[in-house]
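Participant: My file is protein-v2.cif. It has mmCIF, C-alpha atoms:
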data_coords
#
loop_
_atom_site.group_PDB
_atom_site.id
_atom_site.type_symbol
_atom_site.label_atom_id
_atom_site.label_comp_id
_atom_site.auth_asym_id
_atom_site.auth_seq_id
_atom_site.Cartn_x
_atom_site.Cartn_y
_atom_site.Cartn_z
ATOM 1 C CA ILE K 43 6.872 -7.910 1.878
ATOM 2 C CA GLU K 44 8.855 -4.701 2.030
ATOM 3 C CA THR K 45 7.545 -1.699 0.132
ATOM 4 C CA THR K 46 10.057 0.581 -1.549
ATOM 5 C CA TYR K 47 9.443 3.570 -3.786
ATOM 6 C CA SER K 48 11.209 4.218 -7.052
ATOM 7 C CA PRO K 49 12.716 7.697 -7.467
ATOM 8 C CA ASP K 50 9.975 8.753 -9.901
ATOM 9 C CA MET K 51 7.319 8.001 -7.229
ATOM 10 C CA MET K 52 9.009 10.011 -4.472
ATOM 11 C CA PRO K 53 7.257 13.306 -5.366
ATOM 12 C CA LEU K 54 3.879 11.568 -5.007
ATOM 13 C CA LYS K 55 4.904 9.999 -1.688
ATOM 14 C CA GLU K 56 6.170 13.335 -0.374
ATOM 15 C CA MET K 57 2.996 15.114 -1.521
ATOM 16 C CA LEU K 58 0.827 12.560 0.319
ATOM 17 C CA GLU K 59 2.924 13.002 3.450
ATOM 18 C CA ARG K 60 2.639 16.805 3.280
ATOM 19 C CA GLN K 61 -1.097 16.787 2.606
ATOM 20 C CA SER K 62 -1.827 14.317 5.397
ATOM 21 C CA GLU K 63 -0.105 16.553 7.951
ATOM 22 C CA SER K 64 -2.989 19.030 7.944
ATOM 23 C CA VAL K 65 -6.050 16.767 7.920
ATOM 24 C CA ASP K 66 -8.115 15.067 10.599
ATOM 25 C CA ALA K 67 -9.346 12.227 8.360
ATOM 26 C CA ILE K 68 -8.784 10.706 4.929
ATOM 27 C CA ILE K 69 -11.225 9.039 2.569
ATOM 28 C CA LEU K 70 -9.511 6.795 0.034
ATOM 29 C CA TRP K 71 -11.316 6.529 -3.327
ATOM 30 C CA LEU K 72 -9.483 3.754 -5.193
ATOM 31 C CA ASP K 73 -10.664 0.876 -7.373
ATOM 32 C CA CYS K 74 -13.135 -1.400 -5.648
ATOM 33 C CA ASP K 75 -11.157 -4.641 -5.984
ATOM 34 C CA ARG K 76 -8.331 -6.433 -4.181
ATOM 35 C CA GLU K 77 -5.624 -4.459 -5.943
ATOM 36 C CA GLY K 78 -7.390 -1.200 -5.101
ATOM 37 C CA GLU K 79 -7.584 -2.312 -1.470
ATOM 38 C CA ALA K 80 -3.844 -3.049 -1.425
ATOM 39 C CA ILE K 81 -3.082 0.341 -2.972
ATOM 40 C CA ALA K 82 -5.362 2.008 -0.407
ATOM 41 C CA TRP K 83 -3.396 0.309 2.364
ATOM 42 C CA GLU K 84 -0.099 1.542 0.876
ATOM 43 C CA VAL K 85 -1.477 5.087 0.663
ATOM 44 C CA GLN K 86 -2.637 4.812 4.287
ATOM 45 C CA GLN K 87 0.862 3.762 5.358
ATOM 46 C CA VAL K 88 2.384 6.797 3.657
ATOM 47 C CA CYS K 89 -0.230 9.164 5.100
ATOM 48 C CA LEU K 90 0.298 7.787 8.612
ATOM 49 C CA SER K 91 4.036 8.425 8.473
ATOM 50 C CA LEU K 92 3.378 11.067 11.157
ATOM 51 C CA ASP K 93 0.830 10.846 13.948
ATOM 52 C CA GLY K 94 -0.501 13.364 16.454
ATOM 53 C CA ASN K 95 2.428 12.750 18.810
ATOM 54 C CA GLY K 96 5.009 13.325 16.108
ATOM 55 C CA ASN K 97 5.744 9.645 15.826
ATOM 56 C CA GLY K 98 5.954 7.882 12.520
ATOM 57 C CA HIS K 99 4.433 4.501 11.872
ATOM 58 C CA ASP K 100 6.258 1.529 10.410
ATOM 59 C CA GLY K 101 2.903 0.019 9.497
ATOM 60 C CA ASP K 102 0.195 -2.152 10.927
ATOM 61 C CA ASN K 103 0.929 -5.627 12.144
ATOM 62 C CA ASP K 104 -1.664 -8.385 11.898
ATOM 63 C CA ASN K 105 -3.434 -7.108 15.017
ATOM 64 C CA GLY K 106 -3.739 -3.588 13.614
ATOM 65 C CA ASP K 107 -1.218 -2.269 16.164
ATOM 66 C CA VAL K 108 1.121 0.468 15.046
ATOM 67 C CA ARG K 109 4.781 0.612 16.013
ATOM 68 C CA PRO K 110 5.996 4.194 16.624
ATOM 69 C CA ARG K 111 9.195 5.493 15.101
ATOM 70 C CA SER K 112 11.003 8.599 16.375
ATOM 71 C CA ARG K 113 10.735 11.843 14.427
ATOM 72 C CA SER K 114 12.627 15.116 14.563
ATOM 73 C CA ARG K 115 11.361 18.106 16.601
ATOM 74 C CA ARG K 116 10.353 19.881 13.368
ATOM 75 C CA GLN K 117 8.353 16.857 12.217
ATOM 76 C CA ARG K 118 6.672 16.566 15.638
ATOM 77 C CA ALA K 119 5.733 20.253 15.605
ATOM 78 C CA ARG K 120 3.848 20.039 12.316
ATOM 79 C CA ALA K 121 2.342 16.582 12.733
ATOM 80 C CA SER K 122 -1.411 16.135 12.319
ATOM 81 C CA ILE K 123 -3.776 14.156 14.494
ATOM 82 C CA LEU K 124 -4.371 11.606 11.755
ATOM 83 C CA THR K 125 -4.612 8.085 13.159
ATOM 84 C CA PRO K 126 -5.518 4.715 11.575
ATOM 85 C CA ASP K 127 -9.074 4.958 12.908
ATOM 86 C CA ARG K 128 -9.534 8.180 10.884
ATOM 87 C CA VAL K 129 -8.730 6.572 7.512
ATOM 88 C CA TYR K 130 -11.825 5.527 5.571
ATOM 89 C CA ARG K 131 -12.471 3.661 2.338
ATOM 90 C CA ALA K 132 -15.120 4.649 -0.201
ATOM 91 C CA GLN K 133 -16.620 1.712 -2.125
ATOM 92 C CA PHE K 134 -18.015 2.574 -5.546
ATOM 93 C CA SER K 135 -18.329 1.015 -8.965
ATOM 94 C CA THR K 136 -19.253 3.948 -11.208
ATOM 95 C CA VAL K 137 -18.553 7.657 -11.167
ATOM 96 C CA LEU K 138 -22.155 8.843 -11.134
ATOM 97 C CA PRO K 139 -23.432 11.462 -8.669
ATOM 98 C CA GLN K 140 -25.790 9.059 -6.879
ATOM 99 C CA GLU K 141 -23.077 6.383 -6.633
ATOM 100 C CA ILE K 142 -20.583 8.887 -5.220
ATOM 101 C CA GLN K 143 -23.160 10.044 -2.640
ATOM 102 C CA ARG K 144 -23.936 6.441 -1.698
ATOM 103 C CA ALA K 145 -20.231 5.683 -1.237
ATOM 104 C CA LEU K 146 -19.736 8.804 0.879
ATOM 105 C CA HIS K 147 -22.598 7.818 3.189
ATOM 106 C CA ASN K 148 -21.369 4.210 3.525
ATOM 107 C CA LEU K 149 -17.662 4.534 4.274
ATOM 108 C CA THR K 150 -15.784 1.401 5.317
ATOM 109 C CA ARG K 151 -12.296 0.503 6.494
ATOM 110 C CA ILE K 152 -9.550 -1.056 4.444
ATOM 111 C CA ASN K 153 -10.183 -4.792 4.183
ATOM 112 C CA MET K 154 -6.945 -6.304 5.446
ATOM 113 C CA ASN K 155 -7.998 -9.755 4.215
ATOM 114 C CA PHE K 156 -7.867 -8.389 0.653
ATOM 115 C CA VAL K 157 -4.549 -6.654 1.343
ATOM 116 C CA HIS K 158 -3.022 -9.862 2.716
ATOM 117 C CA ALA K 159 -4.378 -11.828 -0.264
ATOM 118 C CA VAL K 160 -2.686 -9.425 -2.701
ATOM 119 C CA GLN K 161 0.574 -9.543 -0.731
ATOM 120 C CA ALA K 162 0.523 -13.354 -0.624
ATOM 121 C CA ARG K 163 -0.189 -13.583 -4.342
ATOM 122 C CA SER K 164 2.623 -11.123 -5.110
ATOM 123 C CA GLU K 165 5.111 -13.082 -3.026
ATOM 124 C CA HIS K 166 3.922 -16.357 -4.566
ATOM 125 C CA ASP K 167 4.260 -14.917 -8.085
ATOM 126 C CA LEU K 168 7.812 -13.780 -7.339
ATOM 127 C CA ARG K 169 8.877 -17.109 -5.856
ATOM 128 C CA VAL K 170 7.268 -19.262 -8.552
ATOM 129 C CA GLY K 171 8.500 -16.931 -11.285
ATOM 130 C CA ALA K 172 12.085 -17.109 -10.023
ATOM 131 C CA ALA K 173 11.938 -20.902 -9.712
ATOM 132 C CA PHE K 174 10.379 -21.305 -13.152
ATOM 133 C CA THR K 175 12.925 -18.980 -14.742
ATOM 134 C CA ARG K 176 15.773 -20.995 -13.204
ATOM 135 C CA PHE K 177 14.197 -24.292 -14.333
ATOM 136 C CA GLN K 178 13.641 -22.957 -17.837
ATOM 137 C CA THR K 179 17.221 -21.677 -18.073
ATOM 138 C CA MET K 180 18.690 -25.010 -16.975
ATOM 139 C CA ARG K 181 16.430 -26.960 -19.366
ATOM 140 C CA LEU K 182 17.260 -24.747 -22.341
ATOM 141 C CA GLN K 183 20.974 -24.918 -21.576
ATOM 142 C CA LYS K 184 20.803 -28.704 -21.818
ATOM 143 C CA LEU K 185 18.898 -28.542 -25.121
ATOM 144 C CA PHE K 186 21.126 -25.901 -26.652
ATOM 145 C CA ASP K 187 24.701 -26.336 -25.497
ATOM 146 C CA GLU K 188 25.807 -23.205 -27.308
ATOM 147 C CA PHE K 189 23.676 -21.134 -24.869
ATOM 148 C CA ALA K 190 25.192 -22.729 -21.761
ATOM 149 C CA LEU K 191 26.947 -20.349 -19.410
#
Let me see whether you can do it: turn the structure in this file into structure tokens.

Facilitator:
Amino acid sequence: IETTYSPDMMPLKEMLERQSESVDAIILWLDCDREGEAIAWEVQQVCLSLDGNGNGHDGDNDNGDVRPRSRSRRQRARASILTPDRVYRAQFSTVLPQEIQRALHNLTRINMNFVHAVQARSEHDLRVGAAFTRFQTMRLQKLFDEFAL
């Protein structure tokens, strides 16, 4: 699955990239479900667009390896030391002080099994939806000749 960003989301993406340049670690506080895990992974990918060597990352493969991508001298000069092992996930279910403290003291990593499950379901939904739409169109065209293309 290839992730693209609509023009209205570019300011958010650029802000995340800028902010991640000056930090040593990130704690992601998103919903504690599969979708939240997938969003956390997407945020991590944006934040890791520059690493300590000035290289960008195309993303993690199934082994967690990161493929470097060349960056300009200016981008290398202002790159942070943020690496995948410095990205944490806070797990919480309510926004109460004691729950926030508990989450902060029990940080985890992004659960890639959840991320892969969301990606597989998204791809499945797209494929089945396209097939069903085509089937439905052909069936309705046969029932209602005046709608045939």

Participant: Using the chain letters and numbers from the file, which residues does the PyMOL selection byres ((chain K and resi 83) around 10) grab, as a PyMOL selection string?

Facilitator: chain K and resi 70+77-82+84-89+101-102+129+131+151-154+156-157

Participant: Create the file for the chosen residues now, containing C-alpha atoms and written as an mmCIF file, keeping the file's coordinate frame.

Facilitator:
data_model
loop_
_atom_site.group_PDB
_atom_site.id
_atom_site.type_symbol
_atom_site.label_atom_id
_atom_site.label_comp_id
_atom_site.auth_asym_id
_atom_site.auth_seq_id
_atom_site.Cartn_x
_atom_site.Cartn_y
_atom_site.Cartn_z
ATOM 1 C CA LEU K 70 -9.511 6.795 0.034
ATOM 2 C CA GLU K 77 -5.624 -4.459 -5.943
ATOM 3 C CA GLY K 78 -7.390 -1.200 -5.101
ATOM 4 C CA GLU K 79 -7.584 -2.312 -1.470
ATOM 5 C CA ALA K 80 -3.844 -3.049 -1.425
ATOM 6 C CA ILE K 81 -3.082 0.341 -2.972
ATOM 7 C CA ALA K 82 -5.362 2.008 -0.407
ATOM 8 C CA GLU K 84 -0.099 1.542 0.876
ATOM 9 C CA VAL K 85 -1.477 5.087 0.663
ATOM 10 C CA GLN K 86 -2.637 4.812 4.287
ATOM 11 C CA GLN K 87 0.862 3.762 5.358
ATOM 12 C CA VAL K 88 2.384 6.797 3.657
ATOM 13 C CA CYS K 89 -0.230 9.164 5.100
ATOM 14 C CA GLY K 101 2.903 0.019 9.497
ATOM 15 C CA ASP K 102 0.195 -2.152 10.927
ATOM 16 C CA VAL K 129 -8.730 6.572 7.512
ATOM 17 C CA ARG K 131 -12.471 3.661 2.338
ATOM 18 C CA ARG K 151 -12.296 0.503 6.494
ATOM 19 C CA ILE K 152 -9.550 -1.056 4.444
ATOM 20 C CA ASN K 153 -10.183 -4.792 4.183
ATOM 21 C CA MET K 154 -6.945 -6.304 5.446
ATOM 22 C CA PHE K 156 -7.867 -8.389 0.653
ATOM 23 C CA VAL K 157 -4.549 -6.654 1.343
#

Participant: Mind pulling up the distance from CA of Ile68 in chain K to CA of Leu149 in chain K?

Facilitator: 10.8 Å

Participant: Calculate how many Å separate CA of Ala172 in chain K from CA of Met52 in chain K, rounding to one decimal.

Facilitator: 27.9 Å

Participant: Which one is closest to Ile123 in chain K: K:Thr45, K:Gln140, K:Ser64, K:Gln183? Count all atoms listed in the file.

Facilitator: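 Going through K:Thr45, K:Gln140, K:Ser64, K:Gln183 one by one, the smallest distance to Ile123 in chain K is for K:Ser64.
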
Participant: With the PyMOL selection byres ((chain K and resi 58) around 10) as the selection, what would be picked from this file? Answer as a PyMOL selection string, please.

Facilitator: chain K and resi 52-57+59-63+85-86+88-91

Participant: CA of Met180 in chain K to CA of His166 in chain K: how many Å, to one decimal?

Facilitator: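 So the two atoms, CA of Met180 in chain K and CA of His166 in chain K, lie 21.1 Å apart.
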
Participant: Applying 9 Å and all atoms listed in the file, which residues near Arg128 in chain K remain after dropping the ones on its own chain fewer than 6 positions away? List them as a list in words.

Facilitator: Asp66, Ala67, Ile68 and Ile69 of chain K

Participant: Export C-alpha atoms of the chosen residues as a compact mmCIF listing (two decimals), keeping the file's coordinate frame?

Facilitator:
# COMPACT_ATOMS: atom_id res chain seq x y z
CA ASP K 66 -8.12 15.07 10.60
CA ALA K 67 -9.35 12.23 8.36
CA ILE K 68 -8.78 10.71 4.93
CA ILE K 69 -11.22 9.04 2.57

Participant: Show me, as a list in words, the residues that have an atom within 12 Å of range 136-139 of chain K when counting all atoms listed in the file, minus same-chain residues fewer than 5 positions from it.

Facilitator: Trp71, Leu72, Asp73, Cys74, Arg144, Ala145 and Leu146 of chain K

Participant: The centre and edge lengths of an axis-aligned box containing all atoms of range 70-76 of chain K present in the file, extended by 3 Å on each side, are to be given in Å to one decimal, as AutoDock Vina command-line options.

Facilitator:
--center_x -10.7 --center_y 0.2 --center_z -3.7 --size_x 10.8 --size_y 19.2 --size_z 13.4
